Amino acid sequence: MTHETEQNDLPVLTAGSQQPGNLVRLVEEGEITTVMLAVPDMQGRLKGKLHDAHTFLDRFESKMCAYVLATDWDMNPQPGYRLTGWDDGFQDLHLVPDPGTIRRLSYLPGTVLIHGDAHHHGQPIDVAPRQMLRQQIAELASLGYRAKVGIESEFLLYKGTPAQARRRGYRGLAPASPYNLDYALDHPPALSAFFHDLREALHAAGCPPEAIKTEGAPGQIEVTWPY
């Protein structure tokens with residue numbers, strides 16, 4: 001964290017982003033056919049709709065049920081939220097696209113991802129994750145600070161398909177590597193192929209990683225991005 005002032009808004013990766021004018025051209029040329037407009041839910045997962053690109057450019061907005069910001073991990077509506085619920089109904093929210101976040105997705109041909117902000121009655125929703133982040137950045141800025149972030153993601157990689165994992169109740173899964181491969185450079189062929197595909201997808205999306213490595217637990221992977 002540094003003690004300096006800067007514009008109080010969300011940081012945006014720009015290496016693989018597209019300008020709105022480029023998006024119009026790519027849609028007109030038929031290279032982009034689908035726009036994925038997304039907002040993070042309370043678990044940080046992206047939720048939204050797949051829009052026909054031409055229709056999206058005509059309207060440049062979308063709608064979403066407010067329950068997306070008031071559910072548990074399994075998307076079950078939960079009580080106790082002032083925003084929405086069974087007692088007061090599940091109204092629609094407007095999704096306002098952020099043009100600075102337009103990004104092509106190499107693993108989904110003809111598709112761009114755009115992050116949006118949840119609005120109700122023309123105002124941003126205070127409990128929406130992007131808005132909460134803005135508020136925290138603004139509070140830091142009011143104290144003369146600017147937050148800088150280095151991202152590290154860790155996950156477990158298993159063999160098989162998601163459907164197979166669901167049938168097993170997510171129990172008894174086989175890790176992609178059966179033993180400790182912390183800092184190993186001699187990876188099994190399946191892991192090496194996965195790392196190659198992951199690195200290619202991240203570079204194409206304009207989010208090149210700093211490093212990818214195996215960790216101590218069977219199937220554990222760590223990905224870091226440059227600070």
# chains A, B, ... in the order shown; residues from 1 in each chain; ligands from 1
>>> residues_around(residues="region 57-73 of chain A", least_positions_apart="4", cutoff="8 Å", atoms="only C-alpha atoms", output="list in words")
Val24, Leu37, Asp41, Met42, Gln43, Lys47, Gly48, Ala53, Pro77, Gln78, Tyr81, Leu83, Thr84, Gly85, Phe90, Gln91, Asp92, Leu93, His94, Leu95, Val96, Pro97, Val127 and Ala128 of chain A
>>> closest_residue(among="A:Lys213, A:His54, A:Arg166, A:Arg134", to="Glu31 (chain A)", atoms="only C-alpha atoms")
A:His54
>>> atom_distance(atom1="CA of Gln131 (chain A)", atom2="CA of Leu105 (chain A)")
24.4 Å
>>> select_by_dssp(residues="region 133-207 of chain A", states="strand (DSSP E or B)", output="ChimeraX atom specification")
/A:146,152-156,158,175
>>> select_by_dssp(residues="chain A", states="alpha helix (DSSP H)", output="PyMOL selection string")
chain A and resi 20-28+53-59+129-142+162-167+189-204
>>> write_last_selection(atoms="N, CA and C atoms", output="compact mmCIF listing (two decimals), in the first residue's frame")
# COMPACT_ATOMS: atom_id res chain seq x y z
N PRO A 20 -14.31 0.12 -27.07
CA PRO A 20 -15.68 -0.02 -27.57
C PRO A 20 -15.78 0.11 -29.07
N GLY A 21 -15.00 1.02 -29.68
CA GLY A 21 -15.02 1.15 -31.13
C GLY A 21 -14.57 -0.10 -31.84
N ASN A 22 -13.56 -0.77 -31.28
CA ASN A 22 -13.10 -2.04 -31.86
C ASN A 22 -14.18 -3.10 -31.76
N LEU A 23 -14.93 -3.10 -30.66
CA LEU A 23 -15.99 -4.09 -30.49
C LEU A 23 -17.05 -3.90 -31.57
N VAL A 24 -17.43 -2.66 -31.84
CA VAL A 24 -18.42 -2.40 -32.89
C VAL A 24 -17.93 -2.94 -34.23
N ARG A 25 -16.67 -2.67 -34.54
CA ARG A 25 -16.11 -3.14 -35.81
C ARG A 25 -16.09 -4.66 -35.88
N LEU A 26 -15.66 -5.31 -34.79
CA LEU A 26 -15.57 -6.77 -34.78
C LEU A 26 -16.95 -7.41 -34.89
N VAL A 27 -17.96 -6.78 -34.31
CA VAL A 27 -19.33 -7.30 -34.41
C VAL A 27 -19.83 -7.13 -35.84
N GLU A 28 -19.60 -5.97 -36.42
CA GLU A 28 -20.05 -5.72 -37.79
C GLU A 28 -19.37 -6.67 -38.77
N ALA A 53 -24.54 -10.28 -29.99
CA ALA A 53 -23.69 -9.09 -30.02
C ALA A 53 -24.40 -7.89 -30.65
N HIS A 54 -25.15 -8.09 -31.74
CA HIS A 54 -25.83 -6.98 -32.38
C HIS A 54 -26.90 -6.39 -31.47
N THR A 55 -27.67 -7.26 -30.81
CA THR A 55 -28.70 -6.77 -29.90
C THR A 55 -28.08 -6.03 -28.73
N PHE A 56 -26.97 -6.54 -28.22
CA PHE A 56 -26.30 -5.87 -27.11
C PHE A 56 -25.84 -4.47 -27.49
N LEU A 57 -25.28 -4.31 -28.67
CA LEU A 57 -24.81 -2.99 -29.09
C LEU A 57 -25.97 -2.01 -29.24
N ASP A 58 -27.16 -2.51 -29.61
CA ASP A 58 -28.33 -1.64 -29.73
C ASP A 58 -28.79 -1.13 -28.36
N ARG A 59 -28.68 -1.98 -27.32
CA ARG A 59 -29.24 -1.64 -26.02
C ARG A 59 -28.18 -1.26 -24.99
N PRO A 129 -20.42 -6.53 -5.12
CA PRO A 129 -18.98 -6.60 -4.84
C PRO A 129 -18.16 -5.50 -5.51
N ARG A 130 -18.43 -5.17 -6.77
CA ARG A 130 -17.64 -4.12 -7.43
C ARG A 130 -17.86 -2.77 -6.76
N GLN A 131 -19.10 -2.51 -6.33
CA GLN A 131 -19.37 -1.24 -5.67
C GLN A 131 -18.73 -1.19 -4.28
N MET A 132 -18.75 -2.32 -3.57
CA MET A 132 -18.09 -2.36 -2.25
C MET A 132 -16.59 -2.10 -2.40
N LEU A 133 -16.00 -2.66 -3.47
CA LEU A 133 -14.58 -2.44 -3.71
C LEU A 133 -14.31 -0.97 -4.00
N ARG A 134 -15.17 -0.35 -4.82
CA ARG A 134 -15.02 1.08 -5.09
C ARG A 134 -15.06 1.90 -3.81
N GLN A 135 -16.00 1.55 -2.94
CA GLN A 135 -16.14 2.31 -1.70
C GLN A 135 -14.89 2.20 -0.83
N GLN A 136 -14.31 1.00 -0.80
CA GLN A 136 -13.10 0.82 0.00
C GLN A 136 -11.92 1.57 -0.61
N ILE A 137 -11.80 1.56 -1.95
CA ILE A 137 -10.74 2.30 -2.62
C ILE A 137 -10.89 3.80 -2.35
N ALA A 138 -12.13 4.28 -2.38
CA ALA A 138 -12.38 5.70 -2.13
C ALA A 138 -12.02 6.07 -0.69
N GLU A 139 -12.33 5.18 0.26
CA GLU A 139 -11.99 5.47 1.65
C GLU A 139 -10.48 5.53 1.84
N LEU A 140 -9.76 4.61 1.20
CA LEU A 140 -8.30 4.65 1.27
C LEU A 140 -7.77 5.94 0.65
N ALA A 141 -8.34 6.32 -0.50
CA ALA A 141 -7.88 7.53 -1.17
C ALA A 141 -8.12 8.76 -0.30
N SER A 142 -9.23 8.78 0.46
CA SER A 142 -9.51 9.93 1.32
C SER A 142 -8.46 10.06 2.42
N PRO A 162 -16.47 -32.82 -14.74
CA PRO A 162 -17.37 -32.31 -13.68
C PRO A 162 -18.57 -33.22 -13.44
N ALA A 163 -19.11 -33.82 -14.50
CA ALA A 163 -20.26 -34.72 -14.34
C ALA A 163 -19.88 -35.93 -13.50
N GLN A 164 -18.70 -36.49 -13.74
CA GLN A 164 -18.25 -37.63 -12.94
C GLN A 164 -18.07 -37.23 -11.48
N ALA A 165 -17.54 -36.04 -11.24
CA ALA A 165 -17.34 -35.58 -9.87
C ALA A 165 -18.67 -35.41 -9.15
N ARG A 166 -19.68 -34.87 -9.85
CA ARG A 166 -21.00 -34.71 -9.23
C ARG A 166 -21.60 -36.05 -8.87
N ARG A 167 -21.48 -37.04 -9.77
CA ARG A 167 -22.03 -38.37 -9.50
C ARG A 167 -21.40 -39.00 -8.26
N PRO A 189 2.88 -35.83 -17.96
CA PRO A 189 2.43 -35.28 -19.25
C PRO A 189 1.08 -34.56 -19.17
N ALA A 190 0.14 -35.11 -18.40
CA ALA A 190 -1.18 -34.48 -18.32
C ALA A 190 -1.09 -33.10 -17.68
N LEU A 191 -0.25 -32.97 -16.65
CA LEU A 191 -0.09 -31.67 -16.01
C LEU A 191 0.63 -30.68 -16.94
N SER A 192 1.64 -31.14 -17.63
CA SER A 192 2.36 -30.27 -18.56
C SER A 192 1.42 -29.74 -19.64
N ALA A 193 0.54 -30.61 -20.16
CA ALA A 193 -0.41 -30.19 -21.17
C ALA A 193 -1.40 -29.17 -20.61
N PHE A 194 -1.83 -29.39 -19.37
CA PHE A 194 -2.76 -28.44 -18.73
C PHE A 194 -2.10 -27.09 -18.54
N PHE A 195 -0.85 -27.08 -18.07
CA PHE A 195 -0.13 -25.82 -17.88
C PHE A 195 0.02 -25.06 -19.20
N HIS A 196 0.30 -25.79 -20.27
CA HIS A 196 0.45 -25.16 -21.58
C HIS A 196 -0.86 -24.49 -22.01
N ASP A 197 -1.97 -25.21 -21.88
CA ASP A 197 -3.26 -24.67 -22.28
C ASP A 197 -3.65 -23.47 -21.41
N LEU A 198 -3.38 -23.57 -20.10
CA LEU A 198 -3.71 -22.49 -19.19
C LEU A 198 -2.92 -21.24 -19.51
N ARG A 199 -1.63 -21.41 -19.75
CA ARG A 199 -0.77 -20.26 -20.07
C ARG A 199 -1.20 -19.60 -21.37
N GLU A 200 -1.53 -20.41 -22.39
CA GLU A 200 -1.97 -19.85 -23.66
C GLU A 200 -3.27 -19.07 -23.50
N ALA A 201 -4.21 -19.60 -22.72
CA ALA A 201 -5.50 -18.92 -22.52
C ALA A 201 -5.32 -17.61 -21.77
N LEU A 202 -4.44 -17.60 -20.76
CA LEU A 202 -4.22 -16.38 -19.99
C LEU A 202 -3.54 -15.31 -20.84
N HIS A 203 -2.57 -15.71 -21.65
CA HIS A 203 -1.91 -14.74 -22.52
C HIS A 203 -2.90 -14.16 -23.53
N ALA A 204 -3.73 -15.01 -24.10
CA ALA A 204 -4.68 -14.53 -25.11
C ALA A 204 -5.70 -13.58 -24.50
>>> atom_distance(atom1="CA of Asp117 (chain A)", atom2="CA of Asp98 (chain A)")
7.2 Å
>>> atom_distance(atom1="CA of Lys159 (chain A)", atom2="CA of Pro175 (chain A)")
5.9 Å
>>> closest_residue(among="A:Leu46, A:Leu157, A:Ala176, A:Val149", to="Thr224 (chain A)", atoms="only C-alpha atoms")
A:Val149
>>> closest_residue(among="A:Leu156, A:Ile102, A:Leu173, A:Ile151", to="Pro226 (chain A)", atoms="only C-alpha atoms")
A:Ile151
